[in-house]
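Visitor: Just one file: data24.pdb, with PDB, C-alpha atoms, pLDDT in the B column.
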ATOM      1  CA  MET A 143     -20.921 -36.298 -35.230  1.00 68.00           C
ATOM      2  CA  GLU A 144     -20.640 -32.689 -36.214  1.00 74.00           C
ATOM      3  CA  GLN A 145     -22.952 -31.629 -33.372  1.00 81.00           C
ATOM      4  CA  PHE A 146     -20.261 -32.580 -30.860  1.00 96.00           C
ATOM      5  CA  ALA A 147     -17.470 -30.434 -32.330  1.00 94.00           C
ATOM      6  CA  GLY A 148     -16.757 -27.546 -29.989  1.00 94.00           C
ATOM      7  CA  LYS A 149     -18.897 -29.061 -27.213  1.00 97.00           C
ATOM      8  CA  THR A 150     -17.588 -30.078 -23.813  1.00 98.00           C
ATOM      9  CA  PHE A 151     -18.905 -33.303 -22.315  1.00 98.00           C
ATOM     10  CA  LEU A 152     -18.506 -34.256 -18.670  1.00 98.00           C
ATOM     11  CA  ILE A 153     -18.665 -37.997 -18.034  1.00 98.00           C
ATOM     12  CA  VAL A 154     -19.435 -38.900 -14.410  1.00 98.00           C
ATOM     13  CA  ASP A 155     -19.193 -42.524 -13.306  1.00 96.00           C
ATOM     14  CA  ASP A 156     -17.472 -44.331 -10.451  1.00 95.00           C
ATOM     15  CA  GLU A 157     -16.616 -47.242 -12.765  1.00 95.00           C
ATOM     16  CA  GLU A 158     -13.306 -46.191 -14.284  1.00 96.00           C
ATOM     17  CA  LEU A 159     -13.521 -48.463 -17.341  1.00 97.00           C
ATOM     18  CA  LEU A 160     -16.984 -47.223 -18.245  1.00 95.00           C
ATOM     19  CA  ARG A 161     -15.919 -43.604 -17.714  1.00 97.00           C
ATOM     20  CA  GLU A 162     -12.883 -44.117 -19.971  1.00 98.00           C
ATOM     21  CA  TYR A 163     -15.044 -45.819 -22.605  1.00 97.00           C
ATOM     22  CA  PHE A 164     -17.408 -42.830 -22.826  1.00 98.00           C
ATOM     23  CA  VAL A 165     -14.516 -40.353 -22.829  1.00 98.00           C
ATOM     24  CA  GLU A 166     -12.848 -42.175 -25.716  1.00 97.00           C
ATOM     25  CA  GLU A 167     -16.059 -42.570 -27.733  1.00 97.00           C
ATOM     26  CA  PHE A 168     -17.180 -38.948 -27.370  1.00 97.00           C
ATOM     27  CA  THR A 169     -13.650 -37.661 -28.028  1.00 97.00           C
ATOM     28  CA  ASP A 170     -13.615 -39.720 -31.242  1.00 96.00           C
ATOM     29  CA  LEU A 171     -16.889 -37.984 -32.197  1.00 96.00           C
ATOM     30  CA  GLY A 172     -15.283 -34.543 -31.807  1.00 96.00           C
ATOM     31  CA  ALA A 173     -16.238 -33.509 -28.273  1.00 97.00           C
ATOM     32  CA  LYS A 174     -13.864 -32.174 -25.666  1.00 98.00           C
ATOM     33  CA  THR A 175     -14.306 -34.549 -22.731  1.00 98.00           C
ATOM     34  CA  LEU A 176     -13.823 -34.199 -19.015  1.00 98.00           C
ATOM     35  CA  SER A 177     -14.445 -36.893 -16.435  1.00 98.00           C
ATOM     36  CA  ALA A 178     -15.188 -37.284 -12.749  1.00 97.00           C
ATOM     37  CA  ALA A 179     -15.682 -40.295 -10.476  1.00 96.00           C
ATOM     38  CA  ASN A 180     -18.534 -38.764  -8.449  1.00 95.00           C
ATOM     39  CA  SER A 181     -20.861 -35.781  -8.261  1.00 94.00           C
ATOM     40  CA  LYS A 182     -18.636 -33.873  -5.834  1.00 94.00           C
ATOM     41  CA  ASP A 183     -15.738 -33.859  -8.311  1.00 95.00           C
ATOM     42  CA  ALA A 184     -18.155 -33.179 -11.187  1.00 97.00           C
ATOM     43  CA  LEU A 185     -19.534 -30.069  -9.474  1.00 95.00           C
ATOM     44  CA  GLU A 186     -16.014 -28.697  -9.132  1.00 95.00           C
ATOM     45  CA  LEU A 187     -15.492 -29.138 -12.879  1.00 96.00           C
ATOM     46  CA  VAL A 188     -18.844 -27.504 -13.688  1.00 96.00           C
ATOM     47  CA  ARG A 189     -17.793 -24.493 -11.618  1.00 94.00           C
ATOM     48  CA  THR A 190     -14.491 -24.075 -13.455  1.00 95.00           C
ATOM     49  CA  GLU A 191     -15.235 -25.294 -17.003  1.00 95.00           C
ATOM     50  CA  LYS A 192     -17.895 -24.481 -19.596  1.00 95.00           C
ATOM     51  CA  VAL A 193     -19.733 -27.808 -19.833  1.00 97.00           C
ATOM     52  CA  ASP A 194     -22.394 -28.392 -22.491  1.00 97.00           C
ATOM     53  CA  VAL A 195     -23.410 -31.979 -21.671  1.00 98.00           C
ATOM     54  CA  ILE A 196     -23.216 -34.114 -18.532  1.00 98.00           C
ATOM     55  CA  LEU A 197     -23.637 -37.870 -18.834  1.00 98.00           C
ATOM     56  CA  SER A 198     -23.797 -39.278 -15.322  1.00 97.00           C
ATOM     57  CA  ASP A 199     -24.375 -42.582 -13.627  1.00 95.00           C
ATOM     58  CA  ILE A 200     -26.973 -42.358 -10.872  1.00 93.00           C
ATOM     59  CA  ARG A 201     -25.487 -44.662  -8.222  1.00 91.00           C
ATOM     60  CA  MET A 202     -22.019 -43.572  -7.104  1.00 91.00           C
ATOM     61  CA  PRO A 203     -20.245 -43.210  -3.794  1.00 90.00           C
ATOM     62  CA  GLY A 204     -19.261 -39.619  -3.051  1.00 83.00           C
ATOM     63  CA  GLY A 205     -22.456 -38.149  -4.435  1.00 85.00           C
ATOM     64  CA  ASP A 206     -25.038 -39.617  -6.771  1.00 91.00           C
ATOM     65  CA  GLY A 207     -26.245 -38.463 -10.184  1.00 94.00           C
ATOM     66  CA  VAL A 208     -29.601 -37.171  -8.935  1.00 93.00           C
ATOM     67  CA  SER A 209     -27.941 -34.815  -6.442  1.00 94.00           C
ATOM     68  CA  LEU A 210     -25.581 -33.688  -9.222  1.00 96.00           C
ATOM     69  CA  LEU A 211     -28.589 -33.007 -11.452  1.00 96.00           C
ATOM     70  CA  LYS A 212     -30.310 -30.963  -8.731  1.00 95.00           C
ATOM     71  CA  HIS A 213     -27.205 -28.883  -7.967  1.00 94.00           C
ATOM     72  CA  VAL A 214     -26.464 -28.189 -11.632  1.00 96.00           C
ATOM     73  CA  LYS A 215     -30.053 -27.194 -12.431  1.00 95.00           C
ATOM     74  CA  GLU A 216     -30.199 -24.888  -9.393  1.00 94.00           C
ATOM     75  CA  GLN A 217     -27.331 -22.925 -10.952  1.00 90.00           C
ATOM     76  CA  ASN A 218     -28.728 -22.854 -14.503  1.00 89.00           C
ATOM     77  CA  ALA A 219     -31.860 -24.655 -15.665  1.00 84.00           C
ATOM     78  CA  GLU A 220     -30.818 -24.496 -19.338  1.00 87.00           C
ATOM     79  CA  LYS A 221     -27.145 -25.505 -19.363  1.00 92.00           C
ATOM     80  CA  PRO A 222     -25.594 -27.986 -19.263  1.00 96.00           C
ATOM     81  CA  LEU A 223     -27.850 -30.700 -20.637  1.00 97.00           C
ATOM     82  CA  VAL A 224     -27.907 -33.608 -18.161  1.00 97.00           C
ATOM     83  CA  PHE A 225     -28.407 -37.240 -19.141  1.00 97.00           C
ATOM     84  CA  LEU A 226     -28.504 -40.003 -16.536  1.00 96.00           C
ATOM     85  CA  ILE A 227     -27.620 -43.707 -16.735  1.00 94.00           C
ATOM     86  CA  THR A 228     -28.857 -46.368 -14.338  1.00 89.00           C
ATOM     87  CA  GLY A 229     -28.855 -50.124 -14.000  1.00 82.00           C
ATOM     88  CA  PHE A 230     -31.601 -49.975 -11.394  1.00 79.00           C
ATOM     89  CA  SER A 231     -34.895 -48.185 -11.072  1.00 68.00           C
ATOM     90  CA  ASP A 232     -33.423 -45.607  -8.678  1.00 69.00           C
ATOM     91  CA  ILE A 233     -35.662 -42.946 -10.110  1.00 81.00           C
ATOM     92  CA  GLU A 234     -38.480 -43.063 -12.603  1.00 85.00           C
ATOM     93  CA  PRO A 235     -37.551 -41.401 -15.901  1.00 86.00           C
ATOM     94  CA  GLU A 236     -40.491 -39.005 -15.540  1.00 90.00           C
ATOM     95  CA  GLU A 237     -39.238 -37.881 -12.133  1.00 92.00           C
ATOM     96  CA  ALA A 238     -35.700 -37.339 -13.477  1.00 92.00           C
ATOM     97  CA  VAL A 239     -37.076 -35.277 -16.357  1.00 93.00           C
ATOM     98  CA  SER A 240     -39.167 -33.222 -13.943  1.00 95.00           C
ATOM     99  CA  LEU A 241     -35.927 -32.449 -12.058  1.00 95.00           C
ATOM    100  CA  GLY A 242     -34.292 -31.237 -15.283  1.00 95.00           C
ATOM    101  CA  ALA A 243     -32.713 -34.322 -16.862  1.00 96.00           C
ATOM    102  CA  GLU A 244     -33.105 -34.703 -20.607  1.00 96.00           C
ATOM    103  CA  THR A 245     -33.593 -38.470 -20.307  1.00 95.00           C
ATOM    104  CA  VAL A 246     -32.524 -41.578 -18.376  1.00 94.00           C
ATOM    105  CA  PHE A 247     -30.723 -44.400 -20.176  1.00 94.00           C
ATOM    106  CA  LYS A 248     -31.013 -47.913 -18.746  1.00 90.00           C
ATOM    107  CA  LYS A 249     -28.093 -50.336 -18.524  1.00 87.00           C
ATOM    108  CA  PRO A 250     -27.205 -52.237 -20.565  1.00 89.00           C
ATOM    109  CA  PHE A 251     -27.102 -49.308 -22.955  1.00 91.00           C
ATOM    110  CA  ASP A 252     -26.507 -48.847 -26.659  1.00 95.00           C
ATOM    111  CA  PHE A 253     -23.806 -46.197 -27.171  1.00 97.00           C
ATOM    112  CA  ASN A 254     -25.114 -45.233 -30.605  1.00 96.00           C
ATOM    113  CA  LEU A 255     -28.564 -44.579 -29.137  1.00 96.00           C
ATOM    114  CA  ILE A 256     -27.051 -42.419 -26.384  1.00 97.00           C
ATOM    115  CA  ALA A 257     -24.969 -40.431 -28.891  1.00 97.00           C
ATOM    116  CA  SER A 258     -27.975 -40.002 -31.161  1.00 96.00           C
ATOM    117  CA  LYS A 259     -30.257 -38.787 -28.325  1.00 96.00           C
ATOM    118  CA  ILE A 260     -27.618 -36.318 -27.126  1.00 97.00           C
ATOM    119  CA  ALA A 261     -27.142 -35.048 -30.698  1.00 96.00           C
ATOM    120  CA  ASP A 262     -30.916 -34.578 -31.023  1.00 95.00           C
ATOM    121  CA  HIS A 263     -31.006 -32.463 -27.842  1.00 94.00           C
ATOM    122  CA  LEU A 264     -28.044 -30.367 -28.970  1.00 93.00           C
ATOM    123  CA  ASP A 265     -29.874 -29.627 -32.229  1.00 85.00           C
ATOM    124  CA  GLU A 266     -32.944 -28.249 -30.420  1.00 78.00           C
TER
END
In structure tokens, how does this file's structure come out?
Guide:
Amino acid sequence: MEQFAGKTFLIVDDEELLREYFVEEFTDLGAKTLSAANSKDALELVRTEKVDVILSDIRMPGGDGVSLLKHVKEQNAEKPLVFLITGFSDIEPEEAVSLGAETVFKKPFDFNLIASKIADHLDE
């Protein structure tokens, strides 16, 4: 997807295989990709790298996706765009959006839907 060229994505998930899957897929679509296993490591990357999009799991040891969302949005409400993924109803989508998330994707997810939604938000 052309929208991803020149964009930096940060994939945050404690499940290594899932993290690697997203990194590979978004890299194949032209994005520069970074990854972190938890929100603590992700925040370090956000401080040192220009990140356009964060795709983060919600439940993770070492800092969850909601706390990552709050910290990132405290620094800059506009950038990066934050998308959350959950297999549980940890947080209602409306609450996540009110905290600054673009949307919440439920597991099991459809990668093409995720990529399409992210592309739509980048076009805005």
Visitor: Would you compute the distance between CA of Asp183 (chain A) and CA of Pro250 (chain A)? Give it in Å to one decimal.
Guide: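 CA of Pro250 (chain A) lies at a distance of 24.9 Å from CA of Asp183 (chain A).
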Visitor: Have a look at CA of Val165 (chain A) and CA of Phe151 (chain A) and let me know their distance in Å, one decimal.
Guide: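 The value is 8.3 Å.
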Visitor: Between A:His263, A:Lys212, A:Asn254, A:Lys221, which has the minimum distance to Ser240 (chain A) (counting all atoms listed in the file)?
Guide: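 Nearest to Ser240 (chain A): A:Lys212.
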Visitor: Residues picked by the PyMOL selection byres ((chain A and resi 179) around 8) here, as JSON, numbers by chain?
Guide: {"A": [154, 155, 156, 157, 158, 161, 177, 178, 180, 181, 183, 184, 202]}
Visitor: Please write as a PyMOL selection string the full residue list that the PyMOL selection byres ((chain A and resi 227) around 9) yields on this file.
Guide: chain A and resi 197-201+207+225-226+228-229+245-249+251
Visitor: Starting from the shown file, work through the PyMOL selection byres ((chain A and resi 213-218) around 8) and note down what comes out as a PyMOL selection string.
Guide: chain A and resi 185+188+209-212+219-222+241-242
Visitor: Could you jot down the CA of Lys182 (chain A) to CA of Ala261 (chain A) separation for me, Å, one decimal place?
Guide: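 Between CA of Lys182 (chain A) and CA of Ala261 (chain A) the gap is 26.3 Å.
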Visitor: For Ala147 (chain A), work out the shell of residues within 8 Å, counting all atoms listed in the file and skipping chain neighbours fewer than 5 positions away, then give it as a ChimeraX atom specification.
Guide: /A:171-174
Visitor: Would you mind exporting C-alpha atoms of the selected residues as an mmCIF file, keeping the file's coordinate frame?
Guide:
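What follows is the written file selection-v4.cif:
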data_model
loop_
_atom_site.group_PDB
_atom_site.id
_atom_site.type_symbol
_atom_site.label_atom_id
_atom_site.label_comp_id
_atom_site.auth_asym_id
_atom_site.auth_seq_id
_atom_site.Cartn_x
_atom_site.Cartn_y
_atom_site.Cartn_z
ATOM 1 C CA LEU A 171 -16.889 -37.984 -32.197
ATOM 2 C CA GLY A 172 -15.283 -34.543 -31.807
ATOM 3 C CA ALA A 173 -16.238 -33.509 -28.273
ATOM 4 C CA LYS A 174 -13.864 -32.174 -25.666
#
Visitor: When you count all atoms listed in the file, which of these residues is closest to Ile233 (chain A): A:Asp206, A:Glu162, A:Asp252, A:Glu191?
Guide: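 The answer is A:Asp206, which sits nearest to Ile233 (chain A).
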Visitor: Looking at only C-alpha atoms, which of A:Phe168, A:Pro235, A:Glu266, A:Gly205 is the one that sits closest to Phe253 (chain A)?
Guide: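 Among the listed residues, the smallest separation from Phe253 (chain A) belongs to A:Phe168.
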